[in-house]
$ cat input_12.cif   # mmCIF, C-alpha atoms and all ligand atoms
data_run
loop_
_atom_site.label_atom_id
_atom_site.label_comp_id
_atom_site.auth_asym_id
_atom_site.auth_seq_id
_atom_site.Cartn_x
_atom_site.Cartn_y
_atom_site.Cartn_z
CA MET A 1 2.10 -0.04 -33.16
CA ALA A 2 2.61 -0.69 -36.84
CA ASP A 3 4.04 2.68 -37.79
CA ALA A 4 6.73 3.16 -35.16
CA THR A 5 10.30 3.65 -36.36
CA LEU A 6 11.68 3.85 -32.83
CA VAL A 7 10.44 2.51 -29.49
CA ILE A 8 11.84 3.53 -26.10
CA ARG A 9 11.03 0.57 -23.83
CA GLY A 10 10.96 -0.03 -20.11
CA GLY A 11 11.46 3.51 -18.86
CA SER A 12 9.46 5.95 -16.76
CA VAL A 13 8.25 9.05 -18.56
CA VAL A 14 8.80 12.35 -16.75
CA GLY A 15 5.78 14.57 -17.31
CA PRO A 16 4.57 17.81 -15.75
CA GLU A 17 2.51 15.87 -13.18
CA GLY A 18 5.08 13.28 -12.27
CA VAL A 19 6.76 10.09 -13.36
CA ARG A 20 4.88 7.18 -15.01
CA ARG A 21 6.07 3.81 -16.31
CA LEU A 22 5.45 4.03 -20.06
CA ASP A 23 6.94 2.91 -23.36
CA VAL A 24 7.19 5.57 -26.05
CA ALA A 25 6.66 4.92 -29.77
CA ILE A 26 8.01 7.37 -32.33
CA ASN A 27 7.38 7.56 -36.04
CA GLY A 28 9.63 9.87 -38.00
CA SER A 29 10.05 12.95 -35.83
CA ALA A 30 6.84 12.64 -33.79
CA ILE A 31 5.68 10.70 -30.75
CA VAL A 32 2.79 8.46 -31.86
CA GLU A 33 1.97 6.42 -28.75
CA LEU A 34 2.63 6.17 -25.02
CA ALA A 35 1.50 2.96 -23.35
CA ASP A 36 2.34 0.52 -20.57
CA SER A 37 3.80 -1.87 -23.09
CA ILE A 38 4.43 -1.37 -26.80
CA ASP A 39 5.51 -4.23 -29.05
CA PRO A 40 7.99 -2.79 -31.53
CA PRO A 41 7.19 -3.59 -35.16
CA SER A 42 9.90 -5.43 -37.05
CA GLY A 43 12.49 -3.02 -38.37
CA ALA A 44 11.94 -0.47 -35.62
CA THR A 45 14.93 0.60 -33.53
CA VAL A 46 14.46 -0.28 -29.85
CA LEU A 47 16.12 1.68 -27.05
CA ASN A 48 16.33 -0.11 -23.74
CA ALA A 49 15.33 2.36 -21.03
CA SER A 50 14.69 -0.02 -18.15
CA GLY A 51 15.39 1.68 -14.86
CA CYS A 52 15.69 5.02 -16.67
CA LEU A 53 13.85 8.32 -16.63
CA VAL A 54 12.54 9.33 -20.05
CA GLY A 55 12.28 13.10 -20.08
CA PRO A 56 12.08 15.91 -22.60
CA GLY A 57 15.43 16.65 -24.25
CA LEU A 58 17.48 19.12 -22.25
CA VAL A 59 17.79 22.72 -23.44
CA ASP A 60 20.90 24.77 -22.68
CA LEU A 61 20.38 28.52 -22.57
CA HIS A 62 24.09 29.22 -22.43
CA THR A 63 26.59 27.42 -24.68
CA HIS A 64 29.79 28.85 -26.14
CA LEU A 65 30.34 27.09 -29.46
CA ARG A 66 33.32 29.30 -30.48
CA GLN A 67 32.48 29.24 -34.17
CA PRO A 68 33.30 31.47 -35.99
CA GLY A 69 36.75 32.42 -34.83
CA ARG A 70 37.99 29.95 -32.20
CA GLU A 71 37.48 26.63 -33.94
CA GLU A 72 40.56 25.19 -32.21
CA ALA A 73 38.53 25.34 -28.95
CA GLU A 74 35.12 24.18 -30.26
CA THR A 75 32.97 24.05 -33.38
CA VAL A 76 29.23 23.96 -33.78
CA GLU A 77 29.62 20.29 -34.69
CA SER A 78 31.79 19.30 -31.70
CA GLY A 79 29.81 21.39 -29.23
CA ALA A 80 26.50 19.97 -30.43
CA ARG A 81 27.98 16.47 -30.13
CA ALA A 82 28.95 17.18 -26.51
CA ALA A 83 25.43 18.54 -26.00
CA ALA A 84 23.77 15.40 -27.37
CA LEU A 85 25.98 13.20 -25.18
CA GLY A 86 24.88 15.32 -22.23
CA GLY A 87 21.19 14.74 -23.00
CA TYR A 88 20.61 18.08 -24.73
CA THR A 89 18.45 18.35 -27.83
CA ALA A 90 18.90 22.11 -28.16
CA VAL A 91 21.47 24.72 -27.21
CA VAL A 92 21.52 28.48 -27.47
CA ALA A 93 24.87 29.56 -28.92
CA MET A 94 26.35 32.63 -27.27
CA PRO A 95 27.35 35.49 -29.56
CA ASN A 96 30.87 36.17 -28.19
CA THR A 97 32.42 34.64 -31.28
CA ASP A 98 34.86 36.35 -33.64
CA PRO A 99 33.19 38.07 -35.40
CA ALA A 100 30.40 38.42 -32.83
CA ILE A 101 26.88 37.31 -33.76
CA ASP A 102 25.75 40.90 -34.15
CA SER A 103 24.33 40.76 -37.69
CA ALA A 104 21.97 38.58 -39.68
CA GLY A 105 24.90 37.39 -41.82
CA VAL A 106 26.83 35.84 -38.95
CA ALA A 107 23.66 34.49 -37.31
CA ARG A 108 22.65 32.85 -40.59
CA ASP A 109 26.09 31.20 -40.88
CA VAL A 110 25.92 29.73 -37.37
CA LEU A 111 22.33 28.53 -37.87
CA ALA A 112 23.40 26.87 -41.15
CA LEU A 113 26.29 25.09 -39.37
CA GLY A 114 23.77 23.82 -36.84
CA ARG A 115 21.47 22.20 -39.40
CA ASP A 116 23.36 18.89 -39.49
CA ALA A 117 24.58 18.98 -35.89
CA LEU A 118 23.51 16.41 -33.29
CA ALA A 119 21.46 19.00 -31.35
CA ASP A 120 19.32 21.92 -32.48
CA VAL A 121 21.37 25.11 -32.46
CA ALA A 122 19.60 28.40 -31.77
CA VAL A 123 21.62 31.57 -31.53
CA ALA A 124 21.59 34.52 -29.18
CA GLY A 125 22.34 37.83 -30.87
CA ALA A 126 24.59 40.52 -29.43
CA ILE A 127 22.92 43.54 -27.84
CA THR A 128 25.62 45.91 -29.06
CA VAL A 129 27.76 46.03 -32.20
CA GLY A 130 30.84 43.85 -31.67
CA ARG A 131 29.70 43.47 -28.02
CA ALA A 132 31.61 46.71 -27.52
CA GLY A 133 28.87 48.30 -25.44
CA THR A 134 28.59 51.52 -27.43
CA ALA A 135 25.99 51.13 -30.23
CA LEU A 136 22.96 48.88 -30.50
CA ALA A 137 23.23 45.88 -32.84
CA PRO A 138 20.56 45.53 -35.56
CA MET A 139 18.22 43.61 -33.26
CA GLY A 140 15.30 43.88 -35.69
CA GLU A 141 17.07 42.05 -38.51
CA LEU A 142 18.25 39.37 -36.08
CA ALA A 143 14.73 39.00 -34.63
CA ALA A 144 13.40 38.57 -38.18
CA LEU A 145 15.66 35.51 -38.46
CA GLY A 146 14.04 34.00 -35.39
CA VAL A 147 16.60 35.17 -32.80
CA GLN A 148 14.79 35.41 -29.46
CA LEU A 149 17.56 36.14 -26.94
CA PHE A 150 20.09 38.94 -27.01
CA THR A 151 23.15 39.29 -24.82
CA ASP A 152 26.70 40.66 -24.80
CA ASP A 153 27.66 37.70 -22.58
CA GLY A 154 31.28 37.67 -21.60
CA ALA A 155 30.57 41.30 -20.74
CA GLY A 156 27.61 43.17 -19.29
CA VAL A 157 26.15 46.26 -20.95
CA GLN A 158 27.82 48.90 -18.76
CA ASP A 159 25.94 51.95 -20.03
CA GLY A 160 22.57 52.09 -18.26
CA ALA A 161 21.05 54.44 -20.85
CA LEU A 162 22.06 52.11 -23.69
CA MET A 163 20.63 49.13 -21.80
CA ARG A 164 17.40 51.05 -21.28
CA ARG A 165 17.19 51.77 -25.03
CA ALA A 166 17.92 48.12 -25.84
CA LEU A 167 15.08 47.10 -23.49
CA ASP A 168 12.69 49.49 -25.24
CA TYR A 169 13.57 47.91 -28.61
CA ALA A 170 13.39 44.39 -27.18
CA LYS A 171 9.92 45.05 -25.84
CA GLY A 172 8.75 46.24 -29.25
CA LEU A 173 10.29 43.22 -30.97
CA GLY A 174 8.99 40.72 -28.41
CA VAL A 175 12.48 39.38 -27.61
CA THR A 176 14.35 39.01 -24.31
CA LEU A 177 17.63 40.58 -23.21
CA ALA A 178 19.92 38.33 -21.17
CA GLN A 179 22.44 40.11 -18.99
CA HIS A 180 25.93 39.05 -17.93
CA CYS A 181 25.89 40.99 -14.67
CA GLU A 182 29.29 42.47 -14.00
CA ASP A 183 30.24 46.05 -13.22
CA GLU A 184 33.56 46.33 -15.02
CA CYS A 185 34.91 49.10 -12.81
CA LEU A 186 34.41 47.03 -9.66
CA ALA A 187 35.60 43.81 -11.28
CA ALA A 188 38.64 45.34 -13.05
CA GLY A 189 41.77 43.25 -12.75
CA GLY A 190 40.08 40.53 -10.70
CA ALA A 191 40.89 36.86 -11.27
CA MET A 192 38.75 35.15 -8.62
CA HIS A 193 36.11 35.87 -5.97
CA GLU A 194 37.21 38.57 -3.53
CA GLY A 195 37.29 36.94 -0.12
CA CYS A 196 39.42 34.92 2.27
CA TRP A 197 40.88 32.75 -0.48
CA SER A 198 41.90 35.62 -2.76
CA SER A 199 43.67 37.23 0.23
CA ARG A 200 45.43 33.99 1.12
CA LEU A 201 46.45 33.23 -2.46
CA GLY A 202 47.48 36.79 -3.33
CA LEU A 203 45.19 36.92 -6.35
CA PRO A 204 43.18 40.05 -7.20
CA GLY A 205 39.51 39.64 -6.34
CA ILE A 206 36.13 40.32 -7.94
CA PRO A 207 33.67 41.37 -5.21
CA ALA A 208 30.16 39.94 -5.11
CA ALA A 209 28.99 43.55 -5.43
CA ALA A 210 30.30 43.68 -9.02
CA GLU A 211 27.51 41.25 -9.96
CA GLU A 212 24.86 42.50 -7.57
CA LEU A 213 25.12 46.15 -8.68
CA MET A 214 24.17 45.22 -12.22
CA VAL A 215 21.39 42.86 -11.13
CA ALA A 216 19.96 45.71 -9.04
CA ARG A 217 20.36 48.26 -11.86
CA ASP A 218 18.67 46.02 -14.40
CA ILE A 219 15.78 45.28 -12.04
CA GLN A 220 15.25 49.06 -11.91
CA LEU A 221 15.37 49.15 -15.72
CA VAL A 222 12.77 46.36 -15.93
CA ARG A 223 10.58 48.46 -13.62
CA LEU A 224 11.14 51.46 -15.89
CA THR A 225 10.56 49.79 -19.26
CA GLY A 226 8.36 46.78 -18.52
CA ALA A 227 10.64 44.69 -20.78
CA PRO A 228 11.76 41.25 -19.57
CA VAL A 229 15.34 40.54 -18.52
CA HIS A 230 16.96 37.13 -18.11
CA PHE A 231 19.87 37.07 -15.65
CA LEU A 232 22.71 34.83 -16.79
CA HIS A 233 24.82 32.65 -14.46
CA LEU A 234 23.84 34.10 -11.06
CA SER A 235 26.51 33.33 -8.52
CA THR A 236 25.96 35.29 -5.31
CA ALA A 237 23.48 35.09 -2.44
CA GLY A 238 22.78 38.80 -2.87
CA SER A 239 21.87 38.38 -6.56
CA VAL A 240 19.52 35.50 -5.77
CA GLU A 241 17.79 37.61 -3.13
CA LEU A 242 17.42 40.58 -5.50
CA VAL A 243 15.77 38.34 -8.11
CA ARG A 244 13.56 36.73 -5.45
CA ARG A 245 12.23 40.17 -4.45
CA ALA A 246 11.79 41.30 -8.06
CA LYS A 247 9.72 38.21 -8.78
CA ALA A 248 7.64 38.75 -5.64
CA GLU A 249 6.90 42.22 -7.02
CA GLY A 250 5.68 40.63 -10.26
CA LEU A 251 8.47 41.96 -12.49
CA PRO A 252 9.17 39.98 -15.70
CA VAL A 253 12.59 38.64 -14.71
CA THR A 254 14.03 35.15 -15.09
CA ALA A 255 17.37 33.74 -14.00
CA GLU A 256 19.72 30.84 -14.55
CA ALA A 257 22.55 29.26 -12.57
CA ALA A 258 25.43 27.12 -13.78
CA PRO A 259 26.23 23.67 -12.35
CA HIS A 260 29.66 24.86 -11.13
CA HIS A 261 28.00 27.54 -9.01
CA MET A 262 25.83 24.81 -7.44
CA LEU A 263 28.81 22.69 -6.47
CA LEU A 264 32.24 24.34 -6.39
CA THR A 265 33.58 27.14 -4.17
CA HIS A 266 36.54 29.55 -4.29
CA ALA A 267 38.50 27.09 -2.13
CA GLU A 268 39.07 25.09 -5.36
CA VAL A 269 41.45 27.83 -6.51
CA ALA A 270 43.92 26.92 -3.72
CA GLY A 271 46.18 25.05 -6.17
CA TYR A 272 46.16 27.94 -8.69
CA ASP A 273 44.84 25.56 -11.38
CA PRO A 274 43.35 27.75 -14.15
CA VAL A 275 40.71 25.11 -14.83
CA PHE A 276 38.89 26.63 -11.82
CA LYS A 277 38.94 30.14 -13.28
CA VAL A 278 35.48 31.16 -14.48
CA ASN A 279 33.43 34.30 -14.73
CA PRO A 280 31.48 34.94 -12.57
CA PRO A 281 34.01 33.32 -10.25
CA LEU A 282 33.48 30.41 -7.89
CA ARG A 283 32.12 31.96 -4.69
CA THR A 284 31.65 31.02 -1.02
CA ASP A 285 29.80 28.12 0.64
CA ASP A 286 27.00 30.53 1.52
CA ASP A 287 26.68 31.63 -2.09
CA VAL A 288 26.52 28.01 -3.29
CA ALA A 289 23.82 27.28 -0.71
CA ALA A 290 21.87 30.37 -1.83
CA VAL A 291 22.06 29.33 -5.50
CA VAL A 292 20.77 25.85 -4.62
CA ALA A 293 18.01 27.36 -2.45
CA GLY A 294 17.09 29.66 -5.36
CA LEU A 295 16.79 26.67 -7.68
CA CYS A 296 14.65 24.83 -5.14
CA ASP A 297 12.22 27.68 -4.40
CA GLY A 298 11.73 28.77 -8.02
CA THR A 299 13.71 32.02 -7.83
CA ILE A 300 16.14 30.61 -10.39
CA ASP A 301 14.26 29.26 -13.41
CA ALA A 302 16.92 27.30 -15.24
CA ILE A 303 20.20 25.44 -14.98
CA ALA A 304 22.43 26.60 -17.84
CA THR A 305 25.87 25.18 -18.47
CA ASP A 306 27.93 28.23 -19.53
CA HIS A 307 29.92 25.58 -21.44
CA ALA A 308 33.06 27.62 -22.22
CA PRO A 309 35.75 25.64 -24.04
CA HIS A 310 39.29 26.99 -24.14
CA ALA A 311 42.16 25.32 -26.00
CA PRO A 312 44.97 24.01 -23.75
CA GLU A 313 47.54 26.51 -25.08
CA CYS A 314 45.30 29.36 -23.86
CA LYS A 315 44.17 27.84 -20.59
CA ASP A 316 47.42 26.26 -19.34
CA VAL A 317 49.02 29.55 -18.29
CA PRO A 318 49.34 31.24 -14.87
CA PHE A 319 45.97 31.63 -13.15
CA ASP A 320 45.73 35.40 -13.44
CA GLN A 321 46.48 35.29 -17.19
CA ALA A 322 44.13 32.42 -18.11
CA PRO A 323 40.78 33.09 -19.82
CA PRO A 324 37.76 32.28 -17.64
CA GLY A 325 35.51 29.35 -18.50
CA MET A 326 34.91 25.63 -18.03
CA LEU A 327 33.26 22.81 -19.97
CA GLY A 328 29.78 21.85 -18.83
CA LEU A 329 27.55 20.08 -21.35
CA GLN A 330 28.47 16.47 -20.54
CA THR A 331 28.35 16.83 -16.76
CA ALA A 332 25.37 19.13 -16.14
CA LEU A 333 22.58 16.58 -15.64
CA PRO A 334 24.55 14.22 -13.35
CA ILE A 335 25.64 17.23 -11.25
CA ALA A 336 22.08 18.59 -11.09
CA TRP A 337 20.86 15.15 -10.14
CA GLU A 338 23.47 14.73 -7.42
CA VAL A 339 22.96 18.19 -5.93
CA LEU A 340 19.19 18.55 -6.29
CA SER A 341 17.56 15.12 -6.34
CA PRO A 342 17.35 14.79 -2.59
CA ALA A 343 15.24 17.98 -2.55
CA LEU A 344 13.60 18.07 -5.99
CA SER A 345 11.53 15.51 -7.89
CA PRO A 346 12.59 14.35 -11.37
CA GLU A 347 9.91 16.55 -12.94
CA ARG A 348 11.29 19.61 -11.15
CA ILE A 349 14.83 18.81 -12.33
CA PHE A 350 13.63 18.35 -15.92
CA ALA A 351 11.69 21.60 -15.56
CA LEU A 352 14.93 23.40 -14.65
CA MET A 353 16.89 21.81 -17.48
CA SER A 354 14.34 21.47 -20.27
CA VAL A 355 10.86 22.96 -19.89
CA GLN A 356 11.78 26.34 -18.38
CA PRO A 357 14.89 27.05 -20.46
CA ALA A 358 12.87 26.15 -23.57
CA THR A 359 10.21 28.62 -22.44
CA ILE A 360 12.75 31.40 -21.79
CA ALA A 361 14.36 30.83 -25.21
CA ARG A 362 10.89 30.55 -26.79
CA LEU A 363 11.71 27.15 -28.26
CA ARG A 364 8.64 25.39 -26.92
CA VAL A 365 5.73 25.95 -29.19
CA THR A 366 6.01 25.21 -32.87
CA ASP A 367 8.88 24.03 -35.00
CA ASN A 368 10.64 27.13 -36.29
CA ARG A 369 11.64 26.68 -39.92
CA VAL A 370 13.42 30.04 -40.09
CA ALA A 371 15.73 29.49 -37.15
CA GLY A 372 15.87 25.74 -37.79
CA HIS A 373 14.84 24.39 -34.42
CA SER A 374 12.13 21.94 -33.44
CA ALA A 375 9.68 22.28 -30.56
CA GLN A 376 11.59 21.73 -27.33
CA GLY A 377 10.82 21.27 -23.65
CA GLY A 378 8.10 18.62 -23.88
CA PRO A 379 5.72 17.44 -22.65
CA LEU A 380 6.24 13.98 -24.14
CA GLU A 381 2.77 13.32 -25.56
CA VAL A 382 1.23 12.00 -28.75
CA GLY A 383 1.89 14.46 -31.57
CA ALA A 384 4.85 16.16 -29.89
CA THR A 385 8.24 16.35 -31.57
CA ALA A 386 10.35 13.48 -30.25
CA ASN A 387 13.12 15.37 -28.47
CA VAL A 388 13.98 13.04 -25.60
CA CYS A 389 16.63 12.55 -22.92
CA VAL A 390 16.91 9.09 -21.34
CA PHE A 391 18.74 9.30 -18.01
CA ASP A 392 19.77 6.38 -15.83
CA PRO A 393 19.84 7.55 -12.19
CA THR A 394 21.26 4.23 -11.01
CA SER A 395 24.35 4.50 -13.18
CA SER A 396 27.25 6.94 -12.75
CA THR A 397 29.30 9.34 -14.81
CA VAL A 398 33.08 9.21 -14.46
CA VAL A 399 34.68 12.33 -15.90
CA ASP A 400 37.65 11.61 -18.13
CA PRO A 401 38.71 14.80 -19.94
CA ALA A 402 40.28 12.81 -22.78
CA ARG A 403 36.95 11.16 -23.55
CA LEU A 404 34.80 14.28 -23.73
CA ALA A 405 33.45 15.23 -27.15
CA SER A 406 34.53 18.85 -26.83
CA ARG A 407 37.65 19.97 -28.70
CA SER A 408 38.83 21.39 -25.38
CA ARG A 409 39.73 19.66 -22.12
CA ASN A 410 39.01 22.31 -19.49
CA THR A 411 36.65 20.39 -17.24
CA PRO A 412 37.01 21.11 -13.51
CA TYR A 413 35.68 17.63 -12.73
CA ALA A 414 38.52 15.44 -14.08
CA GLY A 415 38.53 12.14 -12.20
CA ARG A 416 35.28 12.82 -10.37
CA THR A 417 32.29 10.49 -10.39
CA PHE A 418 28.70 11.75 -10.33
CA THR A 419 25.47 9.87 -9.74
CA GLY A 420 23.48 9.06 -12.86
CA ALA A 421 24.33 8.98 -16.54
CA VAL A 422 22.73 10.03 -19.80
CA ARG A 423 21.98 6.84 -21.69
CA HIS A 424 20.18 7.84 -24.91
CA THR A 425 19.32 11.09 -26.64
CA VAL A 426 16.66 11.31 -29.34
CA ARG A 427 16.53 14.44 -31.45
CA ARG A 428 13.52 14.91 -33.76
CA GLY A 429 12.96 11.15 -33.63
CA GLU A 430 16.56 10.27 -34.49
CA PRO A 431 18.50 8.35 -31.82
CA VAL A 432 21.63 10.52 -31.93
CA VAL A 433 23.08 8.92 -28.77
CA ILE A 434 22.56 5.24 -27.90
CA ASP A 435 24.08 3.75 -24.75
CA ALA A 436 26.20 6.90 -24.28
CA VAL A 437 27.71 6.63 -27.77
CA ALA A 438 27.09 9.27 -30.47
CA GLN A 439 25.66 7.61 -33.56
CA ARG A 440 27.24 9.80 -36.22
O1 LIG B 1 33.75 32.02 -17.65
C1 LIG B 1 33.25 32.55 -18.63
N1 LIG B 1 33.62 32.21 -19.87
N2 LIG B 1 32.32 33.50 -18.44
C2 LIG B 1 31.83 34.23 -19.47
O2 LIG B 1 30.99 35.06 -19.26
C3 LIG B 1 32.35 34.03 -20.83
C4 LIG B 1 32.89 32.66 -20.99
C5 LIG B 1 33.71 32.48 -22.25
O3 LIG B 1 33.26 32.88 -23.32
O4 LIG B 1 34.78 31.88 -22.17
#
$ encode --input "input_12.cif" --output "structure tokens"
Amino acid sequence: MADATLVIRGGSVVGPEGVRRLDVAINGSAIVELADSIDPPSGATVLNASGCLVGPGLVDLHTHLRQPGREEAETVESGARAAALGGYTAVVAMPNTDPAIDSAGVARDVLALGRDALADVAVAGAITVGRAGTALAPMGELAALGVQLFTDDGAGVQDGALMRRALDYAKGLGVTLAQHCEDECLAAGGAMHEGCWSSRLGLPGIPAAAEELMVARDIQLVRLTGAPVHFLHLSTAGSVELVRRAKAEGLPVTAEAAPHHMLLTHAEVAGYDPVFKVNPPLRTDDDVAAVVAGLCDGTIDAIATDHAPHAPECKDVPFDQAPPGMLGLQTALPIAWEVLSPALSPERIFALMSVQPATIARLRVTDNRVAGHSAQGGPLEVGATANVCVFDPTSSTVVDPARLASRSRNTPYAGRTFTGAVRHTVRRGEPVVIDAVAQR
């Protein structure tokens, strides 16, 4: 292969139909050959992938990059670096920045910051001005920039009539609304899941119904308007069941779950450590089992990190006063692997973390020059943009907060070891991570 600039050797390519032992040759930003054995031309970079899975670069539907406004917690640059180290080649930046991403001006600024980052940065626009829930944001001007997802994440749109109007606009514009499902009246004052642990610890609770009420309401609004809704970070068994039934009915709904809701329960809060405070909160064993079952049976379409950095001076305060949120980008794939790989094949896991999130965010098809992202979600085939995640399932990831790329340290997994490790990440043909080290 005379033209290759990069060859990924010795790995097994994860495709829609399964896993196959193949080398991958890349020239510039495109895949130019897949074959049993490719001799790298002199001068080409060679990535050793023996024993590894070579899958499409991961896509995160739910990343808080904190820029503009909270750069002490994260920047587009540091968040994208964490993403690349986690195997991601694209992230969708949430709009709960300061100012919020509720206008073309702010969206343009964030997209510009993403141009030189280690992962593609797409943005989600706010549904309402300032995410205040009272007036619709200029969704048309944001859509004209290439924005495909809209959400007030961090808060749900409380006013059903306003949400209905937003859905009508979204349908006309061909974009998707993503809902943070939380009824603020029911959740008011809550710091953790309402259940046996909140009673024992004396902390105010957030009932599962606070989430489920809004999931149920929005399913009715999908029925009414015909517009699609994506449900962010589902955390309760009841929510999963509502989405399962809506899908069985043929409604255009999709859903995501976060790694922490696949693994951790409200019992973690026993030591009052604010690192375990997150919204929606960590729930019960039954809820965790329902989320995992939803991922396995296709009710939940995507694993999304809800990477939510908070600077130590904000987070290291009493539990009830701490902001909710935990880091997620550098631990998501090992956690997904550990929790799901007994039940799901590698191609199903890559579907949940790359193909399906890329489809929901509409990042799959062509390279988008306006919004600055390349085609994501695979499949890895000749002619495709070389966005690649090389994962070693025989290795392990030891979580050391001090060594994470994020500007923040709020990982709930400090000291834990997970099966598997991201080895290399290739973004648009550039090896941005080699042997778990960022290259620039
Ligand atoms: O835990 C959370 N943190 N949940 C959210 O919805 C928002 C996020 C944040 O921005 O910190």
$ residues_near_ligand --input "input_12.cif" --ligand "ligand LIG 1 (chain B)" --cutoff "10 Å" --atoms "all atoms listed in the file" --output "ChimeraX atom specification"
/A:62-66,94-97,152-156,179-182,232-233,276-282,306-310,323-327
$ atom_distance --input "input_12.cif" --atom1 "CA of Ala188 (chain A)" --atom2 "CA of Pro207 (chain A)"
10.1 Å
$ residues_around --input "input_12.cif" --residues "Ala30 (chain A)" --least-positions-apart "5" --cutoff "12 Å" --atoms "all atoms listed in the file" --output "MDAnalysis selection string"
chainID A and resid 3:7 24:25 367 374:375 378 380:388 426:430
$ residues_around --input "input_12.cif" --residues "region 253-260 of chain A" --least-positions-apart "6" --cutoff "6 Å" --atoms "all atoms listed in the file" --output "VMD selection string"
chain A and resid 228 to 234 300 to 305 332
$ closest_residue --input "input_12.cif" --among "A:Ser354, A:Thr75, A:Thr425, A:Gln158" --to "Cys389 (chain A)" --atoms "all atoms listed in the file"
A:Thr425
$ axis_aligned_box --input "input_12.cif" --around "region 108-124 of chain A" --padding-each-side "6 Å" --output "AutoDock Vina command-line options"
--center_x 22.8 --center_y 25.5 --center_z -35.2 --size_x 19.0 --size_y 30.1 --size_z 24.0
$ atom_distance --input "input_12.cif" --atom1 "CA of Cys52 (chain A)" --atom2 "CA of Ala122 (chain A)"
28.1 Å
$ atom_distance --input "input_12.cif" --atom1 "CA of Ala237 (chain A)" --atom2 "CA of Ala178 (chain A)"
19.3 Å
$ closest_residue --input "input_12.cif" --among "A:Ala290, A:Val32, A:Ala135, A:Val433" --to "His261 (chain A)" --atoms "all atoms listed in the file"
A:Ala290
$ residues_around --input "input_12.cif" --residues "Asp435 (chain A)" --least-positions-apart "6" --cutoff "10 Å" --atoms "all atoms listed in the file" --output "list in words"
Leu47, Asn48, Ala49, Leu85, Val390, Ala421, Val422, Arg423, His424 and Thr425 of chain A
$ closest_residue --input "input_12.cif" --among "A:Met353, A:Ala361, A:Leu203, A:Val243" --to "Leu329 (chain A)" --atoms "all atoms listed in the file"
A:Met353
$ residues_around --input "input_12.cif" --residues "region 128-132 of chain A" --least-positions-apart "5" --cutoff "6 Å" --atoms "only C-alpha atoms" --output "count of residues only"
4
$ closest_residue --input "input_12.cif" --among "A:Arg165, A:Arg283, A:Lys171, A:Arg21" --to "Glu194 (chain A)" --atoms "all atoms listed in the file"
A:Arg283
$ closest_residue --input "input_12.cif" --among "A:Ser29, A:Ser50, A:Thr419, A:Ser78" --to "Ser341 (chain A)" --atoms "only C-alpha atoms"
A:Thr419
$ residues_around --input "input_12.cif" --residues "Asp36 (chain A)" --least-positions-apart "3" --cutoff "12 Å" --atoms "only C-alpha atoms" --output "list in words"
Ile8, Arg9, Gly10, Gly11, Ser12, Val13, Arg20, Arg21, Leu22, Asp23, Val24, Ala25, Glu33 and Asp39 of chain A
